file run-v2.pdb (PDB, C-alpha atoms and all ligand atoms)
ATOM      1  CA  MET B   1     -45.768  24.342 -25.705
ATOM      2  CA  GLY B   2     -47.045  27.719 -24.488
ATOM      3  CA  LEU B   3     -44.728  30.371 -23.117
ATOM      4  CA  GLU B   4     -45.680  29.627 -19.513
ATOM      5  CA  ALA B   5     -45.137  25.878 -19.914
ATOM      6  CA  ALA B   6     -41.769  26.547 -21.588
ATOM      7  CA  ALA B   7     -40.753  28.848 -18.716
ATOM      8  CA  ALA B   8     -41.805  26.202 -16.171
ATOM      9  CA  ALA B   9     -39.836  23.515 -18.050
ATOM     10  CA  LEU B  10     -36.797  25.791 -18.091
ATOM     11  CA  GLU B  11     -37.132  26.416 -14.368
ATOM     12  CA  ASP B  12     -37.420  22.650 -13.764
ATOM     13  CA  THR B  13     -34.233  22.070 -15.747
ATOM     14  CA  GLY B  14     -32.556  24.875 -13.816
ATOM     15  CA  SER B  15     -33.506  23.496 -10.402
ATOM     16  CA  LYS B  16     -32.519  19.965 -11.448
ATOM     17  CA  GLN B  17     -29.101  21.312 -12.517
ATOM     18  CA  LYS B  18     -28.721  23.125  -9.203
ATOM     19  CA  ARG B  19     -29.622  19.993  -7.244
ATOM     20  CA  LEU B  20     -27.195  17.862  -9.263
ATOM     21  CA  LEU B  21     -24.434  20.410  -8.740
ATOM     22  CA  ARG B  22     -25.112  20.496  -4.989
ATOM     23  CA  GLU B  23     -24.965  16.685  -4.823
ATOM     24  CA  ALA B  24     -21.788  16.646  -6.915
ATOM     25  CA  HIS B  25     -20.135  19.225  -4.619
ATOM     26  CA  ALA B  26     -21.004  17.049  -1.608
ATOM     27  CA  ALA B  27     -19.685  13.905  -3.370
ATOM     28  CA  ALA B  28     -16.437  15.692  -4.328
ATOM     29  CA  VAL B  29     -15.860  16.839  -0.726
ATOM     30  CA  ASP B  30     -16.708  13.320   0.509
ATOM     31  CA  LEU B  31     -14.119  11.833  -1.865
ATOM     32  CA  LEU B  32     -11.489  14.362  -0.758
ATOM     33  CA  ILE B  33     -12.077  14.271   2.976
ATOM     34  CA  ASN B  34     -13.864  11.079   4.012
ATOM     35  CA  LYS B  35     -12.698   8.457   1.542
ATOM     36  CA  GLY B  36      -9.455   6.499   1.860
ATOM     37  CA  LEU B  37      -6.811   5.960  -0.824
ATOM     38  CA  TYR B  38      -7.883   4.103  -3.989
ATOM     39  CA  ALA B  39     -11.488   5.134  -3.445
ATOM     40  CA  GLY B  40     -13.042   6.438  -6.621
ATOM     41  CA  ILE B  41     -16.211   7.586  -8.269
ATOM     42  CA  ASP B  42     -17.778   6.226 -11.468
ATOM     43  CA  ALA B  43     -17.369   9.071 -13.968
ATOM     44  CA  THR B  44     -19.974   7.568 -16.333
ATOM     45  CA  THR B  45     -22.788   8.514 -13.922
ATOM     46  CA  GLU B  46     -24.271  12.031 -14.004
ATOM     47  CA  ILE B  47     -22.927  12.884 -10.524
ATOM     48  CA  GLY B  48     -19.580  11.151 -11.128
ATOM     49  CA  ASP B  49     -19.065  13.105 -14.344
ATOM     50  CA  LEU B  50     -19.741  16.390 -12.501
ATOM     51  CA  VAL B  51     -17.364  15.380  -9.672
ATOM     52  CA  GLN B  52     -14.691  14.733 -12.274
ATOM     53  CA  VAL B  53     -15.222  18.196 -13.789
ATOM     54  CA  ILE B  54     -15.212  19.867 -10.355
ATOM     55  CA  LEU B  55     -11.961  18.195  -9.337
ATOM     56  CA  ALA B  56     -10.107  18.143 -12.659
ATOM     57  CA  GLU B  57     -11.121  21.585 -13.910
ATOM     58  CA  GLY B  58     -11.190  23.209 -10.482
ATOM     59  CA  GLN B  59     -14.372  24.816  -9.248
ATOM     60  CA  PRO B  60     -14.602  27.181  -6.285
ATOM     61  CA  VAL B  61     -16.066  24.573  -3.938
ATOM     62  CA  VAL B  62     -15.950  25.744  -0.327
ATOM     63  CA  PHE B  63     -16.442  23.465   2.692
ATOM     64  CA  ASP B  64     -15.634  23.171   6.415
ATOM     65  CA  THR B  65     -13.431  20.472   7.901
ATOM     66  CA  TYR B  66     -10.803  19.969  10.604
ATOM     67  CA  CYS B  67      -7.482  21.728   9.815
ATOM     68  CA  VAL B  68      -4.337  20.090  11.236
ATOM     69  CA  GLY B  69      -2.517  23.443  10.922
ATOM     70  CA  CYS B  70      -5.104  25.517  12.811
ATOM     71  CA  ARG B  71      -5.902  22.577  15.124
ATOM     72  CA  ASP B  72      -9.519  23.561  14.722
ATOM     73  CA  LYS B  73     -12.332  23.513  12.183
ATOM     74  CA  SER B  74     -11.639  25.783   9.238
ATOM     75  CA  THR B  75     -13.099  26.672   5.840
ATOM     76  CA  PHE B  76     -11.299  25.187   2.820
ATOM     77  CA  ARG B  77     -11.447  26.064  -0.881
ATOM     78  CA  VAL B  78     -10.687  23.643  -3.731
ATOM     79  CA  GLN B  79      -7.983  24.603  -6.242
ATOM     80  CA  THR B  80      -6.804  22.397  -9.113
ATOM     81  CA  GLU B  81      -3.500  22.226 -10.893
ATOM     82  CA  ARG B  82      -2.545  20.058 -13.865
ATOM     83  CA  VAL B  83       0.470  17.869 -13.153
ATOM     84  CA  GLY B  84       0.739  15.718 -16.274
ATOM     85  CA  THR B  85       0.329  18.125 -19.197
ATOM     86  CA  LYS B  86       2.083  16.146 -21.935
ATOM     87  CA  SER B  87       0.495  13.312 -23.846
ATOM     88  CA  ILE B  88       2.670  10.233 -24.294
ATOM     89  CA  SER B  89       2.767   7.547 -26.980
ATOM     90  CA  SER B  90       3.099   3.819 -26.301
ATOM     91  CA  ARG B  91       5.639   3.521 -29.144
ATOM     92  CA  PRO B  92       6.720   6.183 -31.646
ATOM     93  CA  GLY B  93       3.866   6.794 -34.047
ATOM     94  CA  GLN B  94       1.441   4.603 -32.156
ATOM     95  CA  ILE B  95      -1.335   5.181 -29.631
ATOM     96  CA  ILE B  96      -1.267   8.618 -28.048
ATOM     97  CA  ILE B  97      -2.146   8.531 -24.376
ATOM     98  CA  GLN B  98      -3.633  11.719 -22.968
ATOM     99  CA  PRO B  99      -2.569  12.806 -19.474
ATOM    100  CA  ARG B 100      -4.917  11.341 -16.914
ATOM    101  CA  THR B 101      -3.425  12.395 -13.574
ATOM    102  CA  PHE B 102      -4.153  15.692 -11.849
ATOM    103  CA  ALA B 103      -3.478  17.377  -8.516
ATOM    104  CA  VAL B 104      -6.000  19.074  -6.276
ATOM    105  CA  GLN B 105      -5.143  21.363  -3.412
ATOM    106  CA  VAL B 106      -7.621  22.501  -0.820
ATOM    107  CA  VAL B 107      -6.544  25.626   0.975
ATOM    108  CA  CYS B 108      -7.465  26.623   4.537
ATOM    109  CA  GLN B 109      -8.948  30.113   4.322
ATOM    110  CA  ARG B 110      -7.776  31.084   7.809
ATOM    111  CA  ALA B 111      -4.040  30.602   7.433
ATOM    112  CA  ALA B 112      -3.419  29.108   3.972
ATOM    113  CA  HIS B 113      -2.724  25.573   5.278
ATOM    114  CA  ILE B 114      -2.796  23.169   2.316
ATOM    115  CA  TYR B 115      -4.146  19.637   1.905
ATOM    116  CA  SER B 116      -2.848  18.038  -1.334
ATOM    117  CA  TYR B 117      -4.390  15.217  -3.382
ATOM    118  CA  ILE B 118      -3.543  13.318  -6.563
ATOM    119  CA  PHE B 119      -6.248  11.752  -8.724
ATOM    120  CA  THR B 120      -6.038   9.575 -11.804
ATOM    121  CA  LYS B 121      -8.584   8.376 -14.340
ATOM    122  CA  ALA B 122      -8.667   4.578 -14.429
ATOM    123  CA  ALA B 123     -11.169   3.003 -16.839
ATOM    124  CA  ASP B 124     -14.532   4.601 -15.942
ATOM    125  CA  ASP B 125     -13.454   5.798 -12.519
ATOM    126  CA  VAL B 126     -11.699   8.826 -11.091
ATOM    127  CA  VAL B 127      -9.533   7.404  -8.304
ATOM    128  CA  LYS B 128      -7.735   9.111  -5.412
ATOM    129  CA  ILE B 129      -4.161   7.799  -5.500
ATOM    130  CA  GLY B 130      -2.366  10.225  -3.180
ATOM    131  CA  GLN B 131      -3.082  12.476  -0.266
ATOM    132  CA  PHE B 132      -1.155  14.611   2.249
ATOM    133  CA  PRO B 133      -1.721  14.968   5.134
ATOM    134  CA  SER B 134      -3.184  11.448   5.260
ATOM    135  CA  ALA B 135      -6.819  10.907   6.230
ATOM    136  CA  ALA B 136      -5.454   9.302   9.412
ATOM    137  CA  ASP B 137      -3.367  12.430  10.241
ATOM    138  CA  VAL B 138      -6.442  14.621   9.882
ATOM    139  CA  SER B 139      -8.561  12.290  12.008
ATOM    140  CA  PHE B 140      -5.823  11.920  14.636
ATOM    141  CA  GLY B 141      -5.600  15.728  14.808
ATOM    142  CA  GLU B 142      -9.325  15.843  15.391
ATOM    143  CA  LEU B 143      -8.962  13.070  17.938
ATOM    144  CA  ARG B 144      -6.285  14.994  19.845
ATOM    145  CA  SER B 145      -8.790  17.709  20.676
ATOM    146  CA  ILE B 146     -10.778  15.137  22.696
ATOM    147  CA  ASP B 147      -7.777  13.060  23.768
ATOM    148  CA  LYS B 148      -8.200  13.647  27.506
ATOM    149  CA  ALA B 149     -11.609  12.006  27.424
ATOM    150  CA  LEU B 150     -10.296   8.727  26.017
ATOM    151  CA  ASP B 151      -9.647   5.427  27.745
ATOM    152  CA  PRO B 152      -6.307   4.026  26.542
ATOM    153  CA  ILE B 153      -8.059   1.071  24.878
ATOM    154  CA  ASP B 154     -10.492   3.394  23.050
ATOM    155  CA  ARG B 155      -7.623   5.595  21.901
ATOM    156  CA  ARG B 156      -5.685   2.583  20.587
ATOM    157  CA  GLU B 157      -8.645   1.048  18.778
ATOM    158  CA  LEU B 158      -9.828   4.369  17.306
ATOM    159  CA  GLY B 159      -6.279   4.901  16.052
ATOM    160  CA  THR B 160      -6.307   1.453  14.424
ATOM    161  CA  ALA B 161      -9.703   2.165  12.839
ATOM    162  CA  LEU B 162      -8.567   5.517  11.393
ATOM    163  CA  GLY B 163      -5.306   4.040  10.108
ATOM    164  CA  LEU B 164      -7.025   1.068   8.436
ATOM    165  CA  PHE B 165      -9.667   3.312   6.859
ATOM    166  CA  ALA B 166      -7.035   5.694   5.488
ATOM    167  CA  HIS B 167      -5.442   2.746   3.691
ATOM    168  CA  GLY B 168      -8.652   1.414   2.230
ATOM    169  CA  THR B 169      -9.154  -1.523   4.649
ATOM    170  CA  VAL B 170     -12.744  -0.532   5.238
ATOM    171  CA  LEU B 171     -14.158  -3.713   6.824
ATOM    172  CA  GLY B 172     -11.303  -3.955   9.323
ATOM    173  CA  ALA B 173     -11.659  -0.262  10.187
ATOM    174  CA  PHE B 174     -15.366  -0.727  10.732
ATOM    175  CA  VAL B 175     -14.868  -3.615  13.188
ATOM    176  CA  TYR B 176     -12.618  -1.487  15.407
ATOM    177  CA  LEU B 177     -14.996   1.459  15.287
ATOM    178  CA  ARG B 178     -17.836  -0.828  16.229
ATOM    179  CA  ARG B 179     -15.926  -2.101  19.294
ATOM    180  CA  VAL B 180     -15.358   1.479  20.530
ATOM    181  CA  PHE B 181     -18.979   2.395  19.866
ATOM    182  CA  GLU B 182     -20.272  -0.682  21.737
ATOM    183  CA  ARG B 183     -18.133   0.122  24.788
ATOM    184  CA  MET B 184     -19.554   3.658  24.792
ATOM    185  CA  ILE B 185     -23.097   2.301  24.711
ATOM    186  CA  TRP B 186     -22.273  -0.008  27.657
ATOM    187  CA  ARG B 187     -20.758   2.937  29.586
ATOM    188  CA  ALA B 188     -23.926   4.972  28.942
ATOM    189  CA  HIS B 189     -25.920   2.034  30.332
ATOM    190  CA  GLU B 190     -23.630   1.901  33.368
ATOM    191  CA  ARG B 191     -24.212   5.628  34.026
ATOM    192  CA  GLN B 192     -27.957   5.095  33.807
ATOM    193  CA  THR B 193     -27.756   2.068  36.139
ATOM    194  CA  GLN B 194     -25.730   4.056  38.665
ATOM    195  CA  ALA B 195     -28.347   6.812  38.496
ATOM    196  CA  GLY B 196     -30.848   4.146  39.597
ATOM    197  CA  HIS B 197     -32.498   3.436  36.224
ATOM    198  CA  PRO B 198     -31.133   0.117  34.922
ATOM    199  CA  ILE B 199     -32.689  -1.122  31.666
ATOM    200  CA  GLU B 200     -34.230  -4.558  31.758
ATOM    201  CA  GLY B 201     -33.071  -6.971  29.046
ATOM    202  CA  PHE B 202     -30.372  -4.557  27.834
ATOM    203  CA  ALA B 203     -27.896  -7.335  26.999
ATOM    204  CA  THR B 204     -30.212  -8.992  24.468
ATOM    205  CA  MET B 205     -31.474  -5.791  22.798
ATOM    206  CA  ARG B 206     -30.621  -4.829  19.232
ATOM    207  CA  MET B 207     -28.501  -1.701  18.826
ATOM    208  CA  ASP B 208     -31.407   0.549  17.781
ATOM    209  CA  GLN B 209     -33.406  -0.655  20.829
ATOM    210  CA  ARG B 210     -30.451   0.076  23.124
ATOM    211  CA  ILE B 211     -30.126   3.571  21.666
ATOM    212  CA  ALA B 212     -33.857   4.232  22.189
ATOM    213  CA  ALA B 213     -33.623   2.991  25.782
ATOM    214  CA  LEU B 214     -30.599   5.197  26.493
ATOM    215  CA  LYS B 215     -31.999   8.333  24.830
ATOM    216  CA  ASP B 216     -31.339  10.577  27.866
ATOM    217  CA  GLU B 217     -27.672   9.564  27.978
ATOM    218  CA  LEU B 218     -26.825   9.912  24.278
ATOM    219  CA  PRO B 219     -26.415  12.862  21.887
ATOM    220  CA  VAL B 220     -29.603  13.829  20.046
ATOM    221  CA  SER B 221     -27.972  13.007  16.683
ATOM    222  CA  VAL B 222     -27.492   9.366  17.752
ATOM    223  CA  VAL B 223     -31.082   9.006  18.944
ATOM    224  CA  GLN B 224     -32.553  10.687  15.849
ATOM    225  CA  ASN B 225     -30.477   8.563  13.465
ATOM    226  CA  SER B 226     -30.652   5.235  15.258
ATOM    227  CA  GLY B 227     -31.408   3.586  11.897
ATOM    228  CA  VAL B 228     -27.825   4.314  10.832
ATOM    229  CA  PHE B 229     -26.569   2.538  13.942
ATOM    230  CA  SER B 230     -28.731  -0.553  13.453
ATOM    231  CA  VAL B 231     -25.994  -1.581  10.983
ATOM    232  CA  LEU B 232     -23.903  -2.158  14.114
ATOM    233  CA  SER B 233     -26.145  -5.089  15.050
ATOM    234  CA  ILE B 234     -25.448  -6.870  11.767
ATOM    235  CA  GLY B 235     -22.967  -9.740  11.873
ATOM    236  CA  ILE B 236     -19.624  -8.878  10.303
ATOM    237  CA  HIS B 237     -19.994 -11.635   7.688
ATOM    238  CA  GLU B 238     -23.221  -9.974   6.460
ATOM    239  CA  LEU B 239     -21.711  -6.499   6.002
ATOM    240  CA  THR B 240     -20.460  -5.396   2.609
ATOM    241  CA  GLU B 241     -17.435  -3.152   2.053
ATOM    242  CA  GLU B 242     -19.797  -0.620   0.495
ATOM    243  CA  GLN B 243     -22.011  -0.495   3.605
ATOM    244  CA  CYS B 244     -18.991  -0.098   5.860
ATOM    245  CA  GLY B 245     -17.488   2.627   3.690
ATOM    246  CA  LYS B 246     -20.760   4.517   3.666
ATOM    247  CA  HIS B 247     -21.326   4.314   7.408
ATOM    248  CA  PHE B 248     -17.762   4.763   8.667
ATOM    249  CA  PRO B 249     -17.508   8.608   8.362
ATOM    250  CA  VAL B 250     -20.930   9.096   9.995
ATOM    251  CA  LEU B 251     -20.149   6.722  12.855
ATOM    252  CA  LYS B 252     -16.727   8.301  13.319
ATOM    253  CA  SER B 253     -18.057  11.826  13.673
ATOM    254  CA  VAL B 254     -20.831  10.695  16.015
ATOM    255  CA  LEU B 255     -18.286   8.774  18.111
ATOM    256  CA  PHE B 256     -16.170  11.912  18.443
ATOM    257  CA  GLN B 257     -19.269  13.839  19.465
ATOM    258  CA  MET B 258     -20.129  11.180  22.071
ATOM    259  CA  LEU B 259     -16.600  11.211  23.457
ATOM    260  CA  GLU B 260     -16.777  14.998  23.803
ATOM    261  CA  GLN B 261     -20.099  14.669  25.574
ATOM    262  CA  GLU B 262     -18.702  12.032  27.960
ATOM    263  CA  GLU B 263     -15.844  14.405  28.833
ATOM    264  CA  HIS B 264     -18.334  17.229  29.363
ATOM    265  CA  LYS B 265     -20.403  15.037  31.716
ATOM    266  CA  ARG B 266     -17.280  13.973  33.591
ATOM    267  CA  LYS B 267     -16.243  17.623  34.130
ATOM    268  CA  ALA B 268     -19.773  18.622  35.152
ATOM    269  CA  ALA B 269     -19.872  15.766  37.722
ATOM    270  CA  ILE B 270     -16.504  16.852  39.182
ATOM    271  CA  ALA B 271     -17.639  20.503  39.351
ATOM    272  CA  ALA B 272     -20.912  19.465  41.013
ATOM    273  CA  SER B 273     -19.182  17.342  43.651
ATOM    274  CA  GLU B 274     -16.658  20.119  44.380
ATOM    275  CA  THR B 275     -19.494  22.631  44.784
ATOM    276  CA  GLU B 276     -21.329  20.194  47.030
ATOM    277  CA  ALA B 277     -18.225  19.658  49.181
ATOM    278  CA  ALA B 278     -17.663  23.436  49.483
ATOM    279  CA  LEU B 279     -21.317  23.959  50.482
ATOM    280  CA  GLN B 280     -21.055  21.194  53.099
ATOM    281  CA  ARG B 281     -17.940  22.854  54.562
ATOM    282  CA  ILE B 282     -19.805  26.174  54.867
ATOM    283  CA  LEU B 283     -22.881  24.486  56.347
ATOM    284  CA  SER B 284     -20.870  22.545  58.917
ATOM    285  CA  ASP B 285     -19.136  25.721  60.075
ATOM    286  CA  PRO B 286     -21.063  28.799  58.884
ATOM    287  CA  LYS B 287     -18.718  31.181  60.725
ATOM    288  CA  ALA B 288     -15.561  29.895  59.034
TER     289      ALA B 288
HETATM  290 ZN    ZN B 301      -5.656  26.079   8.835
END
call {"tool": "encode", "arguments": {"input": "run-v2.pdb", "output": "structure tokens", "more": "lines below"}}
Ligand SMILES: [Zn+2]
result
Amino acid sequence: MGLEAAAAALEDTGSKQKRLLREAHAAAVDLLINKGLYAGIDATTEIGDLVQVILAEGQPVVFDTYCVGCRDKSTFRVQTERVGTKSISSRPGQIIIQPRTFAVQVVCQRAAHIYSYIFTKAADDVVKIGQFPSAADVSFGELRSIDKALDPIDRRELGTALGLFAHGTVLGAFVYLRRVFERMIWRAHERQTQAGHPIEGFATMRMDQRIAALKDELPVSVVQNSGVFSVLSIGIHELTEEQCGKHFPVLKSVLFQMLEQEEHKRKAAIAASETEAALQRILSDPKA
């Protein structure tokens, strides 16, 4: 191999390493923030092995997420601390068992708020076995910031979805999220109908068709990623836990975004009607 070819090969290896590390960082953050208890990652895969190193050895991974202490988005940094440092033996003089449990703290860089996690190695997997505050607490905190926009039934069912997800009941969580999402799509259709543009055949459309038809009423991210939402048209008996687990965090964040947008529209409509009423008062009596 010539010098140039060797340099190119080295660069290829370097960029592959960088890409793997980027993916592993994202997977580690996903496991910390989005996944419920008893979720794990297969440490025998290339990415899983890197995630294990990042979490167990502590690497300066930095990411943004909602902070329950700041009540706002904040930047967090991963720090690791060994909890079980002693090896133990099954019986004196017999098998020595190395420590396999470790703690991870992620620290809010604004005000040093701490999220704590415990992981353990079980067979080939690294599994999250403890977390505080719970995934539900974090999501509820996030939810509180849009609380005013919520119908009581949406609030209750979102709460159930977040609670079930935090405890690893992924399919159940998904069903509740889907109910909230479907009501939002129907409300968007109602708004469009009231504006004088009803959609023909809406009731029998698939979810991706509904989203396309309602593109002016929905956030851009929903319209651009309608493929993700087509999973909402699938019968519950056809969905796998894996599919639900993969889609839940995406659907959740889009739902929050949609709820914020609904609230924004509601406020804008109120402001517009108040302005209109004030203008009418001036017009009806210009000298007042
Ligand atoms: Zn904070």
call {"tool": "closest_residue", "arguments": {"input": "run-v2.pdb", "among": "B:Asp12, B:Gly40, B:Asp64, B:Cys70", "to": "ligand ZN 301 (chain B)", "atoms": "all atoms listed in the file"}}
result
B:Cys70
call {"tool": "resolve_selection", "arguments": {"input": "run-v2.pdb", "expression": "the PyMOL selection byres (((not hetatm)) within 8 of (chain B and resi 301))", "output": "list in words"}}
result
Cys67, Val68, Gly69, Cys70, Arg71, Asp72, Lys73, Ser74, Val107, Cys108, Gln109, Arg110, Ala111, Ala112, His113 and Ile114 of chain B
call {"tool": "residues_around", "arguments": {"input": "run-v2.pdb", "residues": "segment 163-179 of chain B", "least_positions_apart": "3", "cutoff": "6 Å", "atoms": "only C-alpha atoms", "output": "ChimeraX atom specification"}}
result
/B:36-37,135-136,157,160,182,241,245
call {"tool": "closest_residue", "arguments": {"input": "run-v2.pdb", "among": "B:Leu158, B:Leu251, B:Leu239, B:Leu20", "to": "Phe140 of chain B", "atoms": "all atoms listed in the file"}}
result
B:Leu158
call {"tool": "atom_distance", "arguments": {"input": "run-v2.pdb", "atom1": "atom CA of Ile129 of chain B", "atom2": "atom CA of Val51 of chain B"}}
result
15.8 Å
call {"tool": "closest_residue", "arguments": {"input": "run-v2.pdb", "among": "B:Gln105, B:Thr275, B:Gln17, B:Ser134", "to": "Gly58 of chain B", "atoms": "only C-alpha atoms"}}
result
B:Gln105
call {"tool": "residues_around", "arguments": {"input": "run-v2.pdb", "residues": "Thr80 of chain B", "least_positions_apart": "5", "cutoff": "8 Å", "atoms": "only C-alpha atoms", "output": "MDAnalysis selection string"}}
result
chainID B and resid 55:59 102:105
call {"tool": "atom_distance", "arguments": {"input": "run-v2.pdb", "atom1": "atom CA of Ser116 of chain B", "atom2": "atom CA of Leu259 of chain B"}}
result
29.2 Å
